[in-house]
Every structure is written in C-alpha cells, then in structure tokens.
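Shown next: structure_28.txt, containing compact mmCIF, C-alpha atoms.
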```txt
# COMPACT_ATOMS: atom_id res chain seq x y z
CA MET M 1 8.84 27.60 -8.06
CA ASP M 2 5.08 28.13 -7.80
CA ALA M 3 3.03 27.34 -4.72
CA ILE M 4 1.99 23.89 -5.91
CA ALA M 5 5.54 22.88 -6.82
CA ALA M 6 6.79 24.13 -3.45
CA ASN M 7 4.08 22.18 -1.66
CA ARG M 8 4.90 19.17 -3.74
CA SER M 9 8.54 19.15 -2.72
CA GLN M 10 7.66 19.82 0.93
CA LEU M 11 5.25 16.92 0.92
CA ALA M 12 7.77 14.64 -0.78
CA ALA M 13 10.33 15.56 1.88
CA ALA M 14 7.81 14.88 4.65
CA LEU M 15 7.00 11.48 3.12
CA ALA M 16 10.69 10.61 3.05
CA ARG M 17 10.84 11.37 6.78
CA VAL M 18 7.71 9.28 7.37
CA ALA M 19 9.45 6.39 5.61
CA ALA M 20 12.25 6.72 8.17
CA GLY M 21 9.72 6.42 10.97
CA ASP M 22 9.24 10.09 11.83
CA ARG M 23 5.81 10.51 13.44
CA ALA M 24 6.02 14.32 13.42
CA ALA M 25 6.41 14.15 9.64
CA LEU M 26 3.24 12.05 9.36
CA ARG M 27 1.48 14.79 11.32
CA ILE M 28 2.68 17.32 8.74
CA VAL M 29 1.45 15.16 5.88
CA TYR M 30 -1.87 14.78 7.68
CA GLN M 31 -2.28 18.50 8.31
CA ASP M 32 -1.57 19.31 4.69
CA THR M 33 -3.65 16.65 3.03
CA SER M 34 -6.34 15.24 5.31
CA ALA M 35 -9.09 17.67 4.25
CA LYS M 36 -8.55 16.78 0.61
CA LEU M 37 -8.40 13.05 1.26
CA PHE M 38 -11.40 13.17 3.61
CA GLY M 39 -13.31 14.98 0.87
CA VAL M 40 -12.32 12.26 -1.60
CA CYS M 41 -13.40 9.46 0.77
CA LEU M 42 -16.63 11.21 1.71
CA ARG M 43 -17.53 11.76 -1.91
CA ILE M 44 -17.09 8.07 -2.66
CA LEU M 45 -18.61 6.63 0.51
CA ASN M 46 -21.25 9.28 1.16
CA ASP M 47 -21.13 8.33 4.85
CA ARG M 48 -19.13 10.28 7.42
CA SER M 49 -18.32 7.47 9.79
CA GLU M 50 -17.24 5.12 6.98
CA ALA M 51 -15.14 7.91 5.54
CA GLU M 52 -13.49 8.51 8.92
CA ASP M 53 -12.63 4.83 9.21
CA VAL M 54 -11.13 4.82 5.76
CA LEU M 55 -9.21 8.03 6.44
CA GLN M 56 -7.56 6.39 9.43
CA ASP M 57 -6.73 3.39 7.31
CA VAL M 58 -5.25 5.66 4.65
CA TYR M 59 -2.78 7.39 6.99
CA VAL M 60 -1.82 4.13 8.67
CA THR M 61 -1.09 2.82 5.17
CA VAL M 62 0.95 5.95 4.46
CA TRP M 63 2.86 5.37 7.69
CA ARG M 64 3.73 1.86 6.65
CA LYS M 65 4.20 2.34 2.92
CA ALA M 66 5.80 5.76 2.68
CA GLY M 67 9.02 3.99 1.70
CA SER M 68 7.40 2.86 -1.53
CA PHE M 69 6.59 6.42 -2.61
CA ASP M 70 8.82 7.26 -5.55
CA PRO M 71 9.03 11.01 -6.18
CA ALA M 72 10.45 10.34 -9.64
CA ARG M 73 7.30 8.49 -10.64
CA ALA M 74 4.43 10.14 -8.82
CA SER M 75 3.56 13.43 -7.22
CA PRO M 76 2.98 13.08 -3.49
CA ILE M 77 -0.61 14.25 -3.57
CA THR M 78 -1.63 12.01 -6.49
CA TRP M 79 -0.02 9.11 -4.65
CA LEU M 80 -2.01 9.96 -1.53
CA VAL M 81 -5.24 10.49 -3.47
CA ALA M 82 -4.72 7.10 -5.13
CA ILE M 83 -4.37 5.40 -1.73
CA ALA M 84 -7.47 7.17 -0.43
CA ARG M 85 -9.54 6.33 -3.49
CA ASN M 86 -8.44 2.70 -3.47
CA ARG M 87 -9.29 2.29 0.20
CA ALA M 88 -12.60 4.06 -0.17
CA ILE M 89 -13.58 2.08 -3.26
CA ASP M 90 -12.61 -1.21 -1.63
CA ARG M 91 -14.73 -0.25 1.38
CA LEU M 92 -17.61 0.74 -0.86
CA ARG M 93 -17.49 -2.58 -2.71
CA SER M 94 -17.48 -4.55 0.52
CA SER M 95 -20.28 -2.66 2.23
CA ALA M 96 -24.00 -2.45 1.79
CA ALA M 97 -23.44 1.08 0.63
CA SER M 98 -22.35 -0.38 -2.70
CA ARG M 99 -26.02 -0.77 -3.56
CA ARG M 100 -26.30 2.98 -3.55
CA SER M 101 -27.17 4.05 -7.04
CA GLU M 102 -28.41 7.61 -6.83
CA PRO M 103 -26.22 10.08 -8.62
CA ILE M 104 -24.50 12.44 -6.24
CA GLU M 105 -23.12 14.63 -8.94
CA THR M 106 -24.59 17.92 -7.86
CA ALA M 107 -23.63 21.51 -8.43
CA GLU M 108 -22.75 22.12 -4.80
CA ASP M 109 -19.99 19.51 -4.98
CA VAL M 110 -18.10 21.68 -7.38
CA ARG M 111 -16.22 24.52 -5.81
CA ASP M 112 -16.84 27.90 -7.31
CA ASN M 113 -14.16 29.79 -5.40
CA ALA M 114 -10.44 29.31 -6.00
CA PRO M 115 -9.19 26.45 -3.84
CA ALA M 116 -6.10 26.76 -1.66
CA ALA M 117 -2.89 25.45 -3.17
CA LEU M 118 -2.95 22.10 -1.45
CA ASP M 119 -6.54 21.51 -2.39
CA LEU M 120 -5.31 21.21 -5.93
CA VAL M 121 -3.82 17.93 -6.92
CA VAL M 122 -1.89 18.90 -10.01
CA ALA M 123 -0.17 21.97 -11.35
CA ALA M 124 -2.10 24.36 -13.57
CA GLU M 125 -0.46 23.17 -16.77
CA GLN M 126 -1.25 19.52 -16.12
CA ARG M 127 -4.81 20.40 -15.12
CA GLU M 128 -5.31 22.33 -18.34
CA ARG M 129 -4.03 19.40 -20.38
CA LEU M 130 -6.41 17.01 -18.66
CA LYS M 131 -9.26 19.44 -19.24
CA THR M 132 -8.36 19.85 -22.90
CA CYS M 133 -8.05 16.10 -23.45
CA LEU M 134 -11.33 15.38 -21.66
CA GLY M 135 -12.86 18.05 -23.87
CA GLU M 136 -11.72 16.15 -26.96
CA LEU M 137 -13.75 13.10 -25.94
CA GLU M 138 -17.38 12.60 -26.77
CA GLU M 139 -19.27 14.42 -24.06
CA ARG M 140 -20.97 11.31 -22.66
CA HIS M 141 -17.61 9.52 -22.53
CA SER M 142 -15.91 12.26 -20.55
CA ALA M 143 -18.95 12.62 -18.30
CA VAL M 144 -18.93 8.95 -17.26
CA ILE M 145 -15.15 8.98 -16.76
CA ARG M 146 -15.41 11.98 -14.42
CA SER M 147 -18.32 10.49 -12.61
CA ALA M 148 -16.62 7.07 -12.23
CA PHE M 149 -13.48 8.69 -10.82
CA LEU M 150 -15.28 10.93 -8.35
CA ASP M 151 -17.97 8.54 -7.13
CA GLY M 152 -16.07 5.23 -7.39
CA VAL M 153 -19.03 3.48 -9.01
CA THR M 154 -18.86 0.25 -11.01
CA TYR M 155 -19.54 -0.26 -14.70
CA GLU M 156 -22.86 -1.76 -13.73
CA GLN M 157 -23.95 1.18 -11.61
CA LEU M 158 -22.86 3.62 -14.30
CA ALA M 159 -24.85 1.67 -16.88
CA GLN M 160 -27.92 1.87 -14.63
CA ARG M 161 -27.45 5.56 -13.99
CA MET M 162 -27.14 6.36 -17.66
CA ASP M 163 -29.74 3.77 -18.60
CA VAL M 164 -27.58 2.04 -21.19
CA PRO M 165 -26.57 -1.64 -21.52
CA LEU M 166 -23.47 -2.73 -19.58
CA GLY M 167 -21.57 -3.47 -22.79
CA THR M 168 -22.20 0.02 -24.04
CA MET M 169 -20.91 1.53 -20.81
CA LYS M 170 -17.74 -0.57 -21.00
CA SER M 171 -17.23 0.54 -24.56
CA TRP M 172 -17.71 4.23 -23.68
CA ILE M 173 -15.23 4.12 -20.83
CA ARG M 174 -12.62 2.02 -22.58
CA ARG M 175 -12.81 4.13 -25.68
CA GLY M 176 -12.61 7.26 -23.57
CA LEU M 177 -9.59 5.97 -21.65
CA MET M 178 -7.74 5.03 -24.83
CA LYS M 179 -8.30 8.45 -26.38
CA LEU M 180 -7.44 10.19 -23.16
CA ARG M 181 -4.18 8.31 -22.91
CA THR M 182 -3.19 9.11 -26.46
CA CYS M 183 -4.09 12.76 -26.01
CA LEU M 184 -2.21 13.14 -22.71
CA GLU M 185 0.89 11.56 -24.16
CA ARG M 186 0.91 13.81 -27.17
CA MET Y 1 -14.09 -1.24 -31.06
CA SER Y 2 -17.80 -1.82 -31.44
CA GLU Y 3 -20.45 0.26 -29.72
CA THR Y 4 -20.90 -2.48 -27.13
CA ASP Y 5 -18.12 -4.35 -25.44
CA HIS Y 6 -18.83 -7.40 -23.34
CA SER Y 7 -15.33 -8.72 -23.16
CA ASP Y 8 -13.37 -8.92 -19.95
CA THR Y 9 -10.07 -8.33 -21.68
CA PRO Y 10 -10.55 -5.04 -23.43
CA GLU Y 11 -8.96 -3.99 -26.66
CA GLY Y 12 -5.96 -1.95 -25.57
CA GLY Y 13 -4.86 -4.68 -23.15
CA ASP Y 14 -3.08 -3.99 -19.90
CA PRO Y 15 -2.93 -0.21 -20.24
CA ILE Y 16 -6.71 -0.09 -20.43
CA VAL Y 17 -7.18 -2.66 -17.65
CA ALA Y 18 -4.92 -0.50 -15.47
CA GLY Y 19 -6.97 2.55 -16.43
CA GLU Y 20 -10.21 0.79 -15.50
CA TYR Y 21 -8.73 -0.12 -12.14
CA VAL Y 22 -7.57 3.41 -11.39
CA LEU Y 23 -10.87 4.84 -12.57
CA GLY Y 24 -12.58 2.52 -10.10
CA VAL Y 25 -15.19 0.87 -12.30
CA LEU Y 26 -14.25 -2.73 -11.53
CA ASP Y 27 -16.06 -4.93 -9.03
CA ALA Y 28 -14.56 -6.35 -5.83
CA SER Y 29 -13.20 -9.60 -7.28
CA GLU Y 30 -11.70 -7.88 -10.32
CA ARG Y 31 -10.10 -5.31 -8.04
CA SER Y 32 -8.50 -7.89 -5.82
CA ALA Y 33 -7.12 -9.76 -8.86
CA ILE Y 34 -5.61 -6.50 -10.11
CA ALA Y 35 -4.18 -5.70 -6.67
CA GLN Y 36 -2.34 -9.04 -6.85
CA ARG Y 37 -0.93 -8.15 -10.26
CA ILE Y 38 0.25 -4.77 -9.01
CA GLU Y 39 2.07 -6.53 -6.22
CA HIS Y 40 3.87 -8.95 -8.50
CA GLU Y 41 4.17 -7.34 -11.94
CA PRO Y 42 6.32 -4.22 -11.92
CA ALA Y 43 5.44 -3.31 -15.52
CA PHE Y 44 1.75 -3.46 -14.70
CA ALA Y 45 2.32 -1.50 -11.48
CA ASN Y 46 3.98 1.20 -13.60
CA GLU Y 47 0.97 1.25 -15.87
CA VAL Y 48 -1.28 1.80 -12.85
CA ALA Y 49 0.98 4.54 -11.47
CA SER Y 50 0.87 6.32 -14.84
CA TRP Y 51 -2.92 6.30 -14.78
CA GLU Y 52 -2.92 7.62 -11.22
CA GLU Y 53 -0.87 10.56 -12.46
CA ARG Y 54 -3.00 11.04 -15.57
CA LEU Y 55 -6.35 10.97 -13.80
CA GLY Y 56 -5.27 12.43 -10.45
CA GLY Y 57 -6.21 15.92 -11.54
CA LEU Y 58 -9.88 14.90 -11.58
CA ALA Y 59 -9.70 15.00 -7.77
CA ASP Y 60 -9.20 18.76 -8.01
CA GLU Y 61 -12.92 19.20 -8.15
CA VAL Y 62 -13.57 17.37 -4.91
CA LYS Y 63 -14.38 19.79 -2.13
CA PRO Y 64 -11.97 19.43 0.81
CA VAL Y 65 -13.73 18.59 4.07
CA THR Y 66 -11.90 18.99 7.37
CA PRO Y 67 -12.05 15.70 9.26
CA PRO Y 68 -13.04 15.74 12.96
CA ASP Y 69 -10.21 16.33 15.45
CA ALA Y 70 -10.62 12.80 16.81
CA ALA Y 71 -9.49 11.36 13.47
CA TRP Y 72 -5.86 12.29 14.06
CA SER Y 73 -5.86 10.85 17.59
CA ARG Y 74 -7.08 7.54 16.21
CA ILE Y 75 -4.33 7.52 13.61
CA GLU Y 76 -1.74 8.40 16.22
CA ALA Y 77 -2.93 5.53 18.41
CA ALA Y 78 -2.93 3.13 15.46
CA ILE Y 79 0.66 3.87 14.50
CA ALA Y 80 1.86 3.67 18.08
CA ALA Y 81 1.00 -0.05 18.06
CA PRO Y 82 3.06 -2.48 16.03
CA ALA Y 83 1.88 -2.91 12.47
CA PRO Y 84 -0.87 -5.51 12.14
CA SER Y 85 0.19 -8.61 10.23
CA PRO Y 86 -1.30 -8.86 6.80
CA ALA Y 87 -2.12 -12.20 5.26
CA PHE Y 88 1.02 -13.90 4.15
CA ALA Y 89 0.99 -14.26 0.40
CA LEU Y 90 3.12 -17.06 -0.93
CA GLY Y 91 2.96 -19.26 -3.98
CA SER Y 92 1.35 -22.68 -3.91
CA LEU Y 93 4.69 -24.37 -3.37
CA TRP Y 94 5.08 -22.76 0.02
CA GLN Y 95 1.45 -22.29 0.85
CA ASN Y 96 0.97 -25.52 2.76
CA LEU Y 97 4.19 -25.10 4.60
CA TRP Y 98 3.27 -21.71 5.88
CA GLN Y 99 -0.45 -22.13 6.28
CA ASN Y 100 -0.38 -22.79 9.97
CA LEU Y 101 2.08 -20.08 10.72
CA PHE Y 102 1.08 -16.98 12.53
CA PHE Y 103 2.41 -13.51 12.58
CA TRP Y 104 3.07 -12.00 15.92
CA ARG Y 105 0.40 -9.41 16.38
CA SER Y 106 1.26 -7.40 19.41
CA LEU Y 107 4.08 -6.72 21.73
CA ALA Y 108 1.55 -5.94 24.47
CA ILE Y 109 2.05 -9.22 26.30
CA GLY Y 110 5.77 -9.17 25.80
CA THR Y 111 8.00 -10.59 28.49
CA ALA Y 112 10.97 -9.06 30.22
CA ALA Y 113 13.20 -11.19 28.01
CA LEU Y 114 11.51 -9.77 24.96
CA ALA Y 115 11.98 -6.24 26.27
CA SER Y 116 15.67 -6.78 26.81
CA ALA Y 117 16.02 -8.43 23.42
CA LEU Y 118 14.37 -5.39 21.89
CA ILE Y 119 16.73 -3.08 23.71
CA VAL Y 120 19.74 -5.00 22.44
CA ALA Y 121 18.34 -5.00 18.91
CA VAL Y 122 17.53 -1.30 18.93
CA ALA Y 123 20.91 -0.45 20.43
CA TYR Y 124 22.48 -2.48 17.65
CA LEU Y 125 20.53 -0.56 15.05
CA GLY Y 126 21.87 2.62 16.57
CA THR Y 127 25.38 1.47 15.74
CA VAL Y 128 24.74 0.35 12.17
CA ALA Y 129 21.88 2.48 10.87
CA ALA Y 130 22.85 4.80 8.08
CA PRO Y 131 20.62 7.76 7.31
CA ASP Y 132 19.89 6.67 3.74
CA ARG Y 133 17.82 3.68 4.65
CA ALA Y 134 15.43 3.00 7.50
CA PRO Y 135 16.42 0.09 9.73
CA LEU Y 136 14.06 -2.87 9.93
CA LEU Y 137 12.92 -4.81 12.94
CA ALA Y 138 11.11 -8.15 13.24
CA THR Y 139 9.67 -10.00 16.21
CA LEU Y 140 9.67 -13.71 15.48
CA GLY Y 141 7.09 -15.88 17.18
CA GLN Y 142 4.79 -18.80 16.69
CA GLN Y 143 1.08 -19.32 16.82
CA GLY Y 144 -0.25 -18.61 20.30
CA GLY Y 145 3.23 -18.50 21.75
CA GLN Y 146 5.65 -16.00 23.15
CA PRO Y 147 7.97 -14.18 20.79
CA ARG Y 148 11.16 -16.17 20.42
CA PHE Y 149 13.55 -13.83 18.69
CA VAL Y 150 13.94 -10.19 17.86
CA ALA Y 151 15.93 -9.37 14.75
CA ALA Y 152 17.22 -6.04 13.55
CA ILE Y 153 18.68 -5.29 10.14
CA GLY Y 154 20.58 -2.11 9.43
CA SER Y 155 21.35 -0.75 6.00
CA GLY Y 156 23.97 -2.73 4.14
CA GLY Y 157 22.53 -5.97 5.50
CA SER Y 158 24.10 -6.20 8.96
CA LEU Y 159 21.69 -8.31 10.93
CA LEU Y 160 21.48 -9.11 14.63
CA ILE Y 161 19.14 -11.77 15.94
CA VAL Y 162 18.54 -11.97 19.70
CA PRO Y 163 16.71 -14.81 21.48
CA ALA Y 164 13.75 -13.42 23.43
CA SER Y 165 12.89 -16.60 25.33
CA LEU Y 166 14.67 -19.68 26.56
CA LEU Y 167 14.99 -22.19 23.79
CA THR Y 168 16.63 -25.56 23.58
CA ALA Y 169 17.34 -27.14 20.27
CA ASN Y 170 18.39 -30.60 21.43
CA GLN Y 171 20.34 -32.15 18.63
CA LYS Y 172 18.95 -29.82 16.01
CA SER Y 173 20.43 -26.74 14.41
CA MET Y 174 18.48 -23.52 14.10
CA GLU Y 175 18.58 -21.89 10.71
CA LEU Y 176 17.50 -18.36 9.83
CA TRP Y 177 15.63 -17.70 6.59
CA LEU Y 178 14.75 -14.59 4.68
CA ILE Y 179 11.38 -14.81 2.93
CA PRO Y 180 11.14 -12.14 0.25
CA THR Y 181 7.78 -10.70 -0.77
CA GLY Y 182 5.99 -11.99 -3.85
CA THR Y 183 4.56 -15.29 -5.01
CA GLN Y 184 7.90 -16.49 -6.31
CA ALA Y 185 9.33 -15.88 -2.89
CA ARG Y 186 11.54 -18.81 -2.07
CA PRO Y 187 13.01 -18.68 1.42
CA ARG Y 188 16.77 -17.95 1.34
CA SER Y 189 19.05 -19.19 4.06
CA LEU Y 190 20.86 -16.58 6.12
CA GLY Y 191 22.79 -19.16 8.08
CA LEU Y 192 22.70 -20.91 11.44
CA ILE Y 193 21.87 -19.11 14.65
CA ALA Y 194 22.27 -19.88 18.35
CA PRO Y 195 19.29 -20.56 20.63
CA SER Y 196 20.81 -18.81 23.63
CA GLN Y 197 22.86 -15.86 22.45
CA PRO Y 198 22.69 -12.96 20.03
CA VAL Y 199 24.14 -13.76 16.62
CA ARG Y 200 25.41 -11.28 14.12
CA ILE Y 201 25.00 -12.10 10.45
CA THR Y 202 25.87 -10.17 7.34
CA VAL Y 203 23.17 -10.64 4.75
CA PRO Y 204 24.89 -11.68 1.48
CA PRO Y 205 24.93 -8.76 -1.00
CA ASN Y 206 22.77 -10.66 -3.50
CA LEU Y 207 20.03 -11.00 -0.88
CA VAL Y 208 20.18 -7.41 0.41
CA PRO Y 209 17.64 -6.22 -2.21
CA PHE Y 210 15.13 -8.67 -0.72
CA VAL Y 211 15.43 -7.10 2.72
CA THR Y 212 12.31 -4.94 2.45
CA PRO Y 213 9.61 -3.88 4.91
CA ASP Y 214 7.24 -6.58 3.69
CA ALA Y 215 9.69 -9.46 3.75
CA SER Y 216 9.77 -11.91 6.66
CA LEU Y 217 12.30 -13.79 8.70
CA ALA Y 218 11.78 -17.34 9.89
CA VAL Y 219 13.70 -19.81 12.04
CA SER Y 220 13.54 -23.53 11.30
CA LEU Y 221 14.88 -26.57 13.09
CA GLU Y 222 17.26 -28.50 10.86
CA GLU Y 223 19.58 -31.46 11.06
CA PRO Y 224 22.95 -30.53 12.61
CA GLY Y 225 24.85 -28.35 10.16
CA GLY Y 226 21.71 -26.90 8.59
CA SER Y 227 19.37 -27.64 5.72
CA ARG Y 228 20.89 -29.66 2.92
CA THR Y 229 18.07 -29.08 0.48
CA GLY Y 230 18.36 -25.30 0.34
CA ALA Y 231 14.84 -25.05 1.74
CA PRO Y 232 13.64 -24.97 5.34
CA SER Y 233 12.23 -28.09 7.00
CA ASN Y 234 8.59 -28.22 8.02
CA ASP Y 235 9.64 -27.47 11.54
CA ILE Y 236 9.35 -23.69 11.62
CA ILE Y 237 9.63 -22.48 15.19
CA ALA Y 238 9.37 -18.74 14.69
CA VAL Y 239 8.41 -16.31 11.98
CA GLY Y 240 8.01 -12.55 11.84
CA LYS Y 241 7.58 -9.73 9.41
CA LEU Y 242 10.15 -7.00 8.92
CA THR Y 243 8.78 -3.56 9.67
CA ASN Y 244 10.28 -0.12 9.60
CA LEU Y 245 11.41 0.92 13.00
```

I'd like the structure from this file rewritten - as structure tokens, please.
Amino acid sequence: MDAIAANRSQLAAALARVAAGDRAALRIVYQDTSAKLFGVCLRILNDRSEAEDVLQDVYVTVWRKAGSFDPARASPITWLVAIARNRAIDRLRSSAASRRSEPIETAEDVRDNAPAALDLVVAAEQRERLKTCLGELEERHSAVIRSAFLDGVTYEQLAQRMDVPLGTMKSWIRRGLMKLRTCLER
Amino acid sequence: MSETDHSDTPEGGDPIVAGEYVLGVLDASERSAIAQRIEHEPAFANEVASWEERLGGLADEVKPVTPPDAAWSRIEAAIAAPAPSPAFALGSLWQNLWQNLFFWRSLAIGTAALASALIVAVAYLGTVAAPDRAPLLATLGQQGGQPRFVAAIGSGGSLLIVPASLLTANQKSMELWLIPTGTQARPRSLGLIAPSQPVRITVPPNLVPFVTPDASLAVSLEEPGGSRTGAPSNDIIAVGKLTNL
C-alpha cells in the first residue's frame, strides 16, 4: 500500500468515527486535511477571512454529514475537497467578491517542490490519467477547465477573461467535459 | 455541437450538467437548483459524485496553506452546540402545513425537565445502540416555546420519546410522526404517545430506512384513537430534527 492509499484508508476510518460522533476523529481529519482545504478555499475566495469562515463551515458540515460519505464511491479527500469547493463557490457567488474578474492564475500558485502525501488528492496513476486526458483536449479547452475548477469562476467571468462570447465559452467547456469523460472512462 | 452554445440544457444532458456544477461555472440560481436535484435524484447525485472523483485531481495543484490556530477552536465551539436547523424542505402538499413550524435551535435555555428527559433518552440509547449505526436524537419543540419532548432512536428502530414539559391533551390523542427527507416526504405515523410518561415504540421495519439524520419527528393532536386519514392534523404541537448524537 503506498502512502496515499494508506492515508486514504486512515482518513476513511476517521470519517467513519466522525459519523459516530467522535470529536477526536474530527480533529484528526482536520489536522490531516485543513491546509489543503484552506488552500482550496483561499484560492477561490482570495480573501483570508472569508476563507476562514468557509473552512469552519466545511468542517461543521463534515461533522454533520460524515455519515453520508461512502468509501465505495468516493475517496475521502475528493469528498472533502468537493465540500470545500462547493462552500467556497457558494460564498463567492453570494458575496461582492463575485465581481472579481482578474485572473489569479500565476506561476507562484503552482508548487514546484514535491508535495507531502496528503497534499495530493489522488494517487499517481489517477493523476497521470487526468493529465493525459486533459492533454488530449484542445489547449484552450483544458486551460479554461483547469481555471474554472481552481478559481470557481462562472461561465460569464471566464468568457470575459478569455475575451470570447459567452456561448463560445459554454461550448468550449461542455465539449471539453464530454471529451474528458470519454477519455477517463476508456 | 456548434462553436457557440447558448442553450441551458447542453448536449450530453445530465452528465454534462453535473460536470458543469462540479467544475463550478454555474451561477447562484443554477447552483441552488442543482443542489435540490442532488438532494432528491440519486442517479443525478451519482453523476455529480463521479465528476467529483474525475476532476478532484485538479486540486493537486493548489498550494496547501495552514489555517490560523483559531480556526480549529471555532470549529470545536461550533460542533459543541446542537446542530443549527436548516430550512425544512417539503413538497407543496405539506408546505403550508409546516410553514409556521419552527425547529428548536438551542438547548441553551433548556429546563430541568428537559435535562432529565435528555438523561433518560441518552441512557436509553446506551442500552440499545449498536456499534454499526450511530444513534439519533431529536428535541421536539414549537415556535418560541419550550422543548416538549426528547426522542432517541437506536439502531434497529427502537425509539423512546420522553416528555420534557408538562402537557395536557384534554380529549385529544397525541400522535408521533416520522417525516422523511425529500420533497415526496409524506409524514408516516409511528403511533400514539402519552403526554406525561416516556413511551417506547418500535419503528416498523419498512420505515426504518427513513430514520436518517435529516429526517424529523413531529407530534400532532388528533381525535381520540389517532388520525384516521393517515396524515397528521393541522395541530402540530412539537417538531424536531433527528441529529447524530
């Protein structure tokens, strides 16, 4: 079992204990994942205090919903990342910050050193597949998909950023998603 | 697909809508509509979960940032309090009936009677709880009022409901209802209860799957012998959400 798989099963076990109301287990989940999830929230919200609020909301949600985590269907960290992204995006949409339109895709956001095991969401094999499949898309399609995922921006904001009509942006993303899905299921 | 796409229902249907949601490109109203679908359409929820797995790896490139120490303390404080009551989602049929109902928000102003009811309920859970499933607890109250009952459900559907304040029912019967989650959630009768003493009920096996952390319990006043229509009367005297203990 590699480090990521071991972490994955530890996290899944901790989540099962959280579902049974074990506060110490929530602490473990928090210690292992909060830096990653805070990074995700911060990237989307670009505001520390908003991101802190959302982070609290995320772990309270985990506390209450851990019972709905299904280890057969999702990996614990993708499940947690999904909660964090959903909360952060909902917050972004409801706040004035949603008018933000400057691209924050900068080189310094991308790590150049090897991240610790828990900083990685998926196992190497799965990551390679995603990379390969994104590489099979038209470059502009994969670029907007990455940027949408990381920054949580709307179709409209993406269209503005890339200076293309809204309909074109929808077409790029939808086409990209369809191809990506087919490729990943191959 | 053409180079431009103005439609709201994309070619590719639900799988692509789910992908758009997970990607995060939809606006607030579209997102809340999708959140509703996830809640009520298991097939669509699966579609969303698949996309979360497919795209999750993109988060690998986000730089982890250690949150401030105070963040954990706030979380710890938040989970020490009872879960806040979310809006109660029910279909139009039941909407009016439930509109004026309130979910008990805090045990902070609980009475001695409530405390002892809780102790009885928790002690009961200790006797029935099996390790495979977390026991559920609900405090049933009414808008602006004191909590009236505490109910505990152990795995297998053994339920204990304890009055937490003095109640008189006059000539009426009190009936306990289980309100499952979801828009199609029709209240199901769990039987009659007593206003002045703990009552033990075994949830019928066909209703056990509906005993989930987001379901609710309610008590209605009915004609002696209980509701004859299979639905609660408009006279709901207490309602509360089941939460994991």

Please identify all polymer residues lying at most 12 Å from the point (-15.8, 5.8, 7.6) (file coordinates), using all atoms listed in the file, and present the result as number ranges by chain. M: 38-58, 84, 87-89, 91-92, 95, 97; Y: 67-68, 71

Any idea which chain M residues end up within 6 Å of chain Y if we count only C-alpha atoms, as a compact mmCIF listing (two decimals) with C-alpha atoms, in the coordinates of the input please?
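The result, written out as selection.txt:
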```txt
# COMPACT_ATOMS: atom_id res chain seq x y z
CA ALA M 20 12.25 6.72 8.17
CA ALA M 35 -9.09 17.67 4.25
CA LYS M 36 -8.55 16.78 0.61
CA PHE M 38 -11.40 13.17 3.61
CA GLY M 39 -13.31 14.98 0.87
CA GLN M 56 -7.56 6.39 9.43
CA THR M 78 -1.63 12.01 -6.49
CA ARG M 93 -17.49 -2.58 -2.71
CA VAL M 110 -18.10 21.68 -7.38
CA LEU M 120 -5.31 21.21 -5.93
CA VAL M 121 -3.82 17.93 -6.92
CA VAL M 122 -1.89 18.90 -10.01
CA ARG M 127 -4.81 20.40 -15.12
CA PHE M 149 -13.48 8.69 -10.82
CA GLY M 152 -16.07 5.23 -7.39
CA VAL M 153 -19.03 3.48 -9.01
CA THR M 154 -18.86 0.25 -11.01
CA TYR M 155 -19.54 -0.26 -14.70
CA GLY M 167 -21.57 -3.47 -22.79
CA THR M 168 -22.20 0.02 -24.04
CA LYS M 170 -17.74 -0.57 -21.00
CA SER M 171 -17.23 0.54 -24.56
```

Go ahead and compute the interatomic distance for atom CA of Ala16 of chain M and atom CA of Leu80 of chain M, in Å to one decimal.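 For atom CA of Ala16 of chain M relative to atom CA of Leu80 of chain M, the distance reads 13.5 Å.
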
Hey, can you check how far atom CA of Leu192 of chain Y sits from atom CA of Gly145 of chain Y?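 Result for atom CA of Leu192 of chain Y versus atom CA of Gly145 of chain Y: 22.2 Å, one decimal.
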
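Taking only C-alpha atoms, the non-local environment of Glu222 of chain Y within 8 Å (same-chain residues fewer than 6 positions away omitted) comprises Lys172, Ser173, Met174, Glu175, Pro232, Ser233 and Asp235 of chain Y.
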
Write out as a PyMOL selection string the residues lying within 8 Å of Val203 of chain Y, counting only C-alpha atoms and excluding same-chain residues fewer than 2 positions away. chain Y and resi 156-159+190+201+205+207-208

Would you output that residue set with C-alpha atoms, as a CSV table (one decimal), in the frame of the given file?
```
chain,number,residue,atom,x,y,z
Y,156,GLY,CA,24.0,-2.7,4.1
Y,157,GLY,CA,22.5,-6.0,5.5
Y,158,SER,CA,24.1,-6.2,9.0
Y,159,LEU,CA,21.7,-8.3,10.9
Y,190,LEU,CA,20.9,-16.6,6.1
Y,201,ILE,CA,25.0,-12.1,10.4
Y,205,PRO,CA,24.9,-8.8,-1.0
Y,207,LEU,CA,20.0,-11.0,-0.9
Y,208,VAL,CA,20.2,-7.4,0.4
```

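From atom CA of Ala82 of chain M back to atom CA of Arg161 of chain M, the distance works out to 24.4 Å.
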
Show which residues sit within 9 Å of Val18 of chain M, as a CSV table (one decimal) with C-alpha atoms, keeping the file's coordinate frame. Count only C-alpha atoms, and ignore same-chain residues fewer than 5 positions away.
```
chain,number,residue,atom,x,y,z
M,13,ALA,CA,10.3,15.6,1.9
M,23,ARG,CA,5.8,10.5,13.4
M,24,ALA,CA,6.0,14.3,13.4
M,25,ALA,CA,6.4,14.2,9.6
M,26,LEU,CA,3.2,12.0,9.4
M,29,VAL,CA,1.4,15.2,5.9
M,62,VAL,CA,1.0,6.0,4.5
M,63,TRP,CA,2.9,5.4,7.7
M,64,ARG,CA,3.7,1.9,6.6
M,65,LYS,CA,4.2,2.3,2.9
M,66,ALA,CA,5.8,5.8,2.7
M,67,GLY,CA,9.0,4.0,1.7
```

Test item: axis-aligned box, all listed atoms of segment 157-163 of chain M, 5 Å on each side, centre and edges in Å rounded to one decimal, as AutoDock Vina command-line options:
```
--center_x -26.3 --center_y 3.8 --center_z -15.1 --size_x 16.9 --size_y 15.2 --size_z 17.0
```

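Selection around (-1.3, 21.0, 2.6) with radius 7 Å, counting all atoms listed in the file, yields the residues Asn7, Gln31, Asp32, Thr33 and Leu118 of chain M.
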